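Have a look at the structure below before the remarks.
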Amino acid sequence: MPIDPFDLGSVDESEAARPTGGIAARAMAAVEAPYLKKLNHEQRRAVENVDGPSLILAGAGTGKTRVLTTRLAHILHTRRAWPGQILAVTFTNKAAREMKERIGAIIGGAVEGMTWLGTFHSIGAKILRRDAELVGLRPDFAILDTDDQIRLLKQLIKADGIDEKRWPARQLAGEIDGWKNRGITPNNVSAADAQSYANGKGVEIYAEYQARLKILNAADFGDLLLECLRLFQENPDVLSSYRERFKYMLVDEYQDTNVAQYLWLRLLAGNAGNIACVGDDDQSIYGWRGAEVDNILRFEKDFPGALVVRLEENYRSTPHILNAASGLIAHNQGRLGKTLRTSETEGEKVQVKSVWDGEEEARGIADDIENLQRKDHKLNEIAILVRVSSLMREFEDRFVTLGLPYRVIGGPRFYERREVRDGLAYLKVTAQPDNDLAFERIINTPKRGLGNVTVQKLHEFARAQGISLTRAARALVETDELSKAARKSLGELLDNFARWRSLIDGLPHTELAEMILDESGYTSMWQNDKAADAQGRLENLKELVNSMGEFENLAGFLEHISLVMDVQTAETSDMINLMTLHSAKGLEFDTVFLPGWEEGLFPHQRALDDSGNAGLEEERRLAYVGITRARKLAKISFTSNRRIHNLWQSAMPSRFLDELPEADVDIESASDTYGGGSFGQSRFNEDVFEANYNTPGWRRAQSHQAANPAPKSRFGSSPVLEGELATSEFSDTSTYRLGERVFHDKFGYGAIAAIDGNKLTIDFEKSGRKRVLDSFVARH
DNA sequence: CTGGAGGATCTTTTT
DNA sequence: GATCCTCCAG
């Protein structure tokens with residue numbers, strides 16, 4: 001509800017007088033603005049201390065967004081700044097959108113004046129466009145996405161004679177992104193970093209790549225920040241104009257900032273900046289894409305005298321859920337430390353359940369959901385949070401079988417689908433004739449006889465002449481350089497583009513888009529495709545054209561989609577929510593299922609291998625994020641057997657399970673984790689096991705286990721039968737004796753505690769009691 | 001230049 | 001299991 005008595009929407013920003021937060025205004029504010037009444041003591045401190053740097057540590061469910069938006073409203077209300085003088089940055093478009101909506105709800109129309117509210121990248125792009133020439137670009141530069149980036153790098157790698165098999169472009173793209181995230185230009189890549197790709201050649205290509213971008217008049221996502229930094233550093237006058245403009249700065253999710261963003265913020269904030277950063281070090285889960293938890297841990301050093309407010313009153317979860325999450329996260333070393341509390345007293349314990357395999361896990365969770373549904377639990381209020389998206393499949397299969405409605409959040413995004421990207425490429429070439437990457441994408445899609453040979457010739461010519469591909473094509477069509485067929489085909493394509501281009505101003509852009517897709521043959525390409533998904537692709541193309549309707553013209557649409565890759569969906573029907581732990585951050589549900597808590601999967605082996613203890617701590621934060629999404633009930637499960645890449649692996653319970661405080665956890669004893677069950681047996685055969693025990697992951701897990709023997713687990717002690725192979729090829733009675741010491745490839749050394757036919761129960765020294773087949777152990 | 005076969009690979013995800 | 005990529009025969 002708009003409550004602003006000053007009607008900021010009508011204030012004329014151009015008038016000479018600037019709001020100074022004068023005595024009168026402050027006095028009015030002191031009369032206790034209504035929006036302040038809804039806040040608790042800590043929140044109020046965070047809102048009212050608007051001058052000077054402050055760090056707001058907002059634990060999960062402590063009203064972070066409310067504080068952020070109220071603080072903004074407070075600045076406006078007390079007339080300390082105009083809407084256009086506040087810089088407010090978020091990470092995602094979704095967050096920016098939400099913030100805008102919520103501020104709008106407090107201050108009304110004045111939110112439209114907040115022109116500097118947006119993501120780091122969109123604000124970076126805006127700043128760059130204003131002074132593009134100063135960094136060697138034109139104001140209409142194109143923004144490349146990851147796909148374009150990789151295709152461009154491939155060309156450079158090939159041109160440099162590097163074996164692309166050995167050194168994939170994707171890897172170099174990752175390295176370059178990493179450098180850009182850390183604010184590193186080609187000139188100051190460290191020697192050690194440089195070695196990581198093609199014996200140091202990576203840096204040369206990085207430099208070539210930057211040069212190419214300038215020629216193409218393009219910037220990638222990293223450049224939107226990195227080039228901004230250069231702009232500020234090389235042009236003090238530009239920097240100071242922005243410093244003067246931004247009276248107040250707000251940063252959301254500060255724990256996710258990377259070095260480049262950090263430098264960007266510091267430059268803009270200056271020494272005495274009124275900068276407020278909101279974040280939670282315990283929810284930093286994006287280290288793998290450059291986020292530096294260190295930024296938040298170091299805040300007080302960076303901004304001496306900063307006010308630090310901890311929001312610890314949790315309004316979301318029950319005490320057991322909070323305690324379980326707190327107990328878990330307490331195992332991390334590098335944290336600022338917060339203790340969440342709640343005034344609630346009731347609630348169920350966190351449940352932990354052990355199951356045989358992924359199928360049983362999905363079945364169990366689906367059963368639970370049906371039971372909840374009978375008790376009128378909304379499906380919308382249920383979420384399943386998985387570590388990796390490949391785990392979603394089992395659940396989807398089960399839900400489809402049962403007819404339970406569900407939605408996948410995250411997942412492959414609309415603008416990343418092939419057909420949408422192709423369609424966009426046609427539009428881009430029409431609007432931006434020199435967009436080489438877009439042109440190359442569709443030059444032979446649909447097939448029109450313009451293959452590698454032709455494209456290579458165009459490239460050579462374009463490079464030699466220093467012109468773009470379409471210009472090169474235009475020139476070569478007039479000559480005999482190309483084969484007759486290619487010449488004809490290319491000529492037609494160019495004529496088409498010229499015609500479409502001439503219609504840009506004459507035809508509504510949605511109609512033009514339809515025309516382009518039809519006349520280029522792109523639509524019929526999919527119409528003639530017999531593949532099952534062709535129909536869906538055609539619908540996506542329609543949707544693409546539809547979505548253009550909201551924009552004024554083609555150029556405006558293209559600018560929007562290069563920065564906003566997500567599509568806002570107004571999904572209202574009642575469905576189960578299925579997503580990765582990463583995309584769950586910021587959301588909350590009454591009931592949350594957390595499947596797949598197994599060593600190697602969660603914590604993920606790759607995180608441990610790549611980043612060691614830091615990786616482990618990030619995984620633990622991810623677990624913390626998962627548990628704290630739940631308001632009333634959290635159900636964790638793990639399997640004994642997991643199929644990964646179509647290979648069966650036996651799994652150990654996640655170490656995180658042992659880190660949950662016992663008092664807050666209920667262990668649901670394994671229904672049928674081993675032996676005798678009606679399922680599971682037939683899935684195993686010796687081949688699978690052979691394969692299993694030889695995978696790299698397996699060996700890795702073993703060496704890891706040997707290096708850090710896990711403490712005896714409350715969960716690991718339930719016996720697990722390794723492969724139910726009780727068939728004729730094994731003797732019925734084992735030749736082993738009770739008490740004999742044996743060695744098992746996976747579990748290590750142990751003593752035989754019981755013998756049942758060819759099944760042995762063994763007390764392993766490192767992994768507790770297991771049931772295994774005698775053929776998997778050796779006498780020691 | 002095209003299409004199909006065979007091979008390698010496979011966290012997380014935003015902009 | 002699925003996808004993406006390369007290689008080779010037509």
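To be explicit about the labels: the chains of the structure tokens are called A, B, and onward in the order shown, and within each one the residues are counted from 1, while ligands get numbers from 1 in the order they are shown.
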Point to revise | Distance filter 12 Å, only C-alpha atoms (C1' of nucleotides), chain C against chain A, as a PyMOL selection string | key: chain C and resi 1-2+5-6
Wanna dump the chain A-chain B contacts at 7 Å for me, each residue with its shortest atom pair and the distance in Å to one decimal, counting only C-alpha atoms (C1' of nucleotides), ordered by chain and number, as a Markdown table?
```
| residue | atom | partner | partner_atom | distance |
| --- | --- | --- | --- | --- |
| A:Thr92 | CA | B:DT14 | C1' | 6.5 |
| A:His121 | CA | B:DT15 | C1' | 6.1 |
| A:Phe221 | CA | B:DT15 | C1' | 6.0 |
| A:Val388 | CA | B:DT11 | C1' | 6.1 |
| A:Gly449 | CA | B:DC1 | C1' | 6.4 |
| A:Gly451 | CA | B:DC1 | C1' | 6.3 |
| A:Leu563 | CA | B:DT15 | C1' | 6.4 |
| A:His582 | CA | B:DT12 | C1' | 6.5 |
```
Write out, as a PDB file, in the first residue's frame, the residues just selected, with all heavy atoms.
```pdb
ATOM      1  N   THR A  92      20.316 -11.173  -9.830  1.00  0.00           N
ATOM      2  CA  THR A  92      19.444 -11.733 -10.849  1.00  0.00           C
ATOM      3  C   THR A  92      18.368 -10.734 -11.237  1.00  0.00           C
ATOM      4  O   THR A  92      18.024  -9.829 -10.477  1.00  0.00           O
ATOM      5  CB  THR A  92      18.748 -12.996 -10.331  1.00  0.00           C
ATOM      6  OG1 THR A  92      17.907 -12.631  -9.242  1.00  0.00           O
ATOM      7  CG2 THR A  92      19.743 -14.033  -9.892  1.00  0.00           C
ATOM      8  N   HIS A 121      25.095  -6.531 -14.094  1.00  0.00           N
ATOM      9  CA  HIS A 121      25.394  -6.506 -15.520  1.00  0.00           C
ATOM     10  C   HIS A 121      24.573  -5.471 -16.280  1.00  0.00           C
ATOM     11  O   HIS A 121      25.096  -4.803 -17.164  1.00  0.00           O
ATOM     12  CB  HIS A 121      25.212  -7.900 -16.114  1.00  0.00           C
ATOM     13  CG  HIS A 121      26.246  -8.863 -15.628  1.00  0.00           C
ATOM     14  ND1 HIS A 121      26.069  -9.616 -14.490  1.00  0.00           N
ATOM     15  CD2 HIS A 121      27.470  -9.167 -16.088  1.00  0.00           C
ATOM     16  CE1 HIS A 121      27.146 -10.358 -14.285  1.00  0.00           C
ATOM     17  NE2 HIS A 121      28.014 -10.106 -15.255  1.00  0.00           N
ATOM     18  N   PHE A 221      29.700 -10.999 -20.995  1.00  0.00           N
ATOM     19  CA  PHE A 221      29.164 -10.607 -19.688  1.00  0.00           C
ATOM     20  C   PHE A 221      30.252 -10.075 -18.757  1.00  0.00           C
ATOM     21  O   PHE A 221      30.056  -9.091 -18.052  1.00  0.00           O
ATOM     22  CB  PHE A 221      28.445 -11.777 -19.036  1.00  0.00           C
ATOM     23  CG  PHE A 221      27.100 -12.044 -19.629  1.00  0.00           C
ATOM     24  CD1 PHE A 221      26.804 -13.269 -20.187  1.00  0.00           C
ATOM     25  CD2 PHE A 221      26.134 -11.053 -19.642  1.00  0.00           C
ATOM     26  CE1 PHE A 221      25.558 -13.519 -20.752  1.00  0.00           C
ATOM     27  CE2 PHE A 221      24.884 -11.284 -20.205  1.00  0.00           C
ATOM     28  CZ  PHE A 221      24.598 -12.524 -20.760  1.00  0.00           C
ATOM     29  N   VAL A 388      21.966 -32.303  -7.896  1.00  0.00           N
ATOM     30  CA  VAL A 388      22.224 -32.206  -9.333  1.00  0.00           C
ATOM     31  C   VAL A 388      20.938 -32.492 -10.098  1.00  0.00           C
ATOM     32  O   VAL A 388      20.120 -33.302  -9.675  1.00  0.00           O
ATOM     33  CB  VAL A 388      23.317 -33.201  -9.796  1.00  0.00           C
ATOM     34  CG1 VAL A 388      24.644 -32.863  -9.183  1.00  0.00           C
ATOM     35  CG2 VAL A 388      22.928 -34.626  -9.495  1.00  0.00           C
ATOM     36  N   GLY A 449      23.376 -25.449 -48.472  1.00  0.00           N
ATOM     37  CA  GLY A 449      24.584 -25.717 -49.238  1.00  0.00           C
ATOM     38  C   GLY A 449      25.747 -24.779 -48.967  1.00  0.00           C
ATOM     39  O   GLY A 449      26.646 -24.653 -49.777  1.00  0.00           O
ATOM     40  N   GLY A 451      28.433 -24.743 -46.614  1.00  0.00           N
ATOM     41  CA  GLY A 451      29.136 -25.484 -45.560  1.00  0.00           C
ATOM     42  C   GLY A 451      30.445 -24.856 -45.169  1.00  0.00           C
ATOM     43  O   GLY A 451      30.698 -23.677 -45.403  1.00  0.00           O
ATOM     44  N   LEU A 563      20.328  -9.255 -21.988  1.00  0.00           N
ATOM     45  CA  LEU A 563      20.628  -9.105 -20.565  1.00  0.00           C
ATOM     46  C   LEU A 563      19.717  -9.941 -19.687  1.00  0.00           C
ATOM     47  O   LEU A 563      20.073 -10.307 -18.578  1.00  0.00           O
ATOM     48  CB  LEU A 563      20.500  -7.631 -20.157  1.00  0.00           C
ATOM     49  CG  LEU A 563      21.642  -6.750 -20.603  1.00  0.00           C
ATOM     50  CD1 LEU A 563      21.308  -5.294 -20.399  1.00  0.00           C
ATOM     51  CD2 LEU A 563      22.911  -7.102 -19.861  1.00  0.00           C
ATOM     52  N   HIS A 582      20.639 -25.026  -5.629  1.00  0.00           N
ATOM     53  CA  HIS A 582      21.078 -23.676  -5.985  1.00  0.00           C
ATOM     54  C   HIS A 582      19.903 -22.765  -6.313  1.00  0.00           C
ATOM     55  O   HIS A 582      19.850 -21.621  -5.881  1.00  0.00           O
ATOM     56  CB  HIS A 582      22.043 -23.719  -7.167  1.00  0.00           C
ATOM     57  CG  HIS A 582      23.415 -24.140  -6.775  1.00  0.00           C
ATOM     58  ND1 HIS A 582      23.807 -25.451  -6.781  1.00  0.00           N
ATOM     59  CD2 HIS A 582      24.474 -23.433  -6.348  1.00  0.00           C
ATOM     60  CE1 HIS A 582      25.052 -25.526  -6.380  1.00  0.00           C
ATOM     61  NE2 HIS A 582      25.494 -24.316  -6.119  1.00  0.00           N
TER      62      HIS A 582
END
```
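The set of residues in stretch 467-595 of chain A assigned to strand (DSSP E or B) by DSSP, using only backbone atoms of this structure, is Ile576, Asn577, Leu578, Met579, Thr580, Phe589, Asp590, Thr591, Val592, Phe593 and Leu594 of chain A.
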Which residues come within 9 Å of A:Ser583, counting only C-alpha atoms (C1' of nucleotides), excluding same-chain residues fewer than 4 positions away, as a tab-separated table (two decimals) with N, CA, C and O atoms (P, O5', C5', C4', C3', O3' and C1' of nucleotides), in the first residue's frame?
```
chain	number	residue	atom	x	y	z
A	385	LEU	N	14.35	-30.68	-3.33
A	385	LEU	CA	15.57	-29.97	-3.68
A	385	LEU	C	16.70	-30.97	-3.88
A	385	LEU	O	17.05	-31.69	-2.96
A	409	ILE	N	11.67	-25.92	-11.60
A	409	ILE	CA	12.14	-24.54	-11.56
A	409	ILE	C	13.61	-24.52	-11.95
A	409	ILE	O	14.38	-25.38	-11.55
A	410	GLY	N	13.99	-23.53	-12.73
A	410	GLY	CA	15.34	-23.52	-13.27
A	410	GLY	C	15.31	-24.29	-14.58
A	410	GLY	O	14.51	-24.00	-15.44
A	579	MET	N	13.46	-28.69	-8.00
A	579	MET	CA	14.57	-27.82	-8.43
A	579	MET	C	15.88	-28.21	-7.78
A	579	MET	O	15.91	-29.05	-6.89
A	587	LEU	N	13.91	-18.98	-1.60
A	587	LEU	CA	12.53	-19.46	-1.59
A	587	LEU	C	12.23	-20.16	-0.26
A	587	LEU	O	13.13	-20.47	0.50
B	13	DT	P	21.49	-25.69	-11.47
B	13	DT	O5'	21.67	-24.15	-11.72
B	13	DT	C5'	21.80	-23.24	-10.66
B	13	DT	C4'	22.26	-21.95	-11.30
B	13	DT	C3'	21.50	-21.65	-12.59
B	13	DT	O3'	20.79	-20.44	-12.36
B	13	DT	C1'	23.86	-21.48	-12.90
```
Exercise for review: Write out as a PyMOL selection string all residues of stretch 542-618 of chain A that backbone DSSP assigns to alpha helix (DSSP H).
Suggested key: chain A and resi 542-548+554-563+581-584+605-618
Revision key, fill the gap. Counting only C-alpha atoms, the residue among A:Asp148, A:Asp529, A:Glu361, A:Asp51 that lies closest to A:Phe638 is A:Glu361
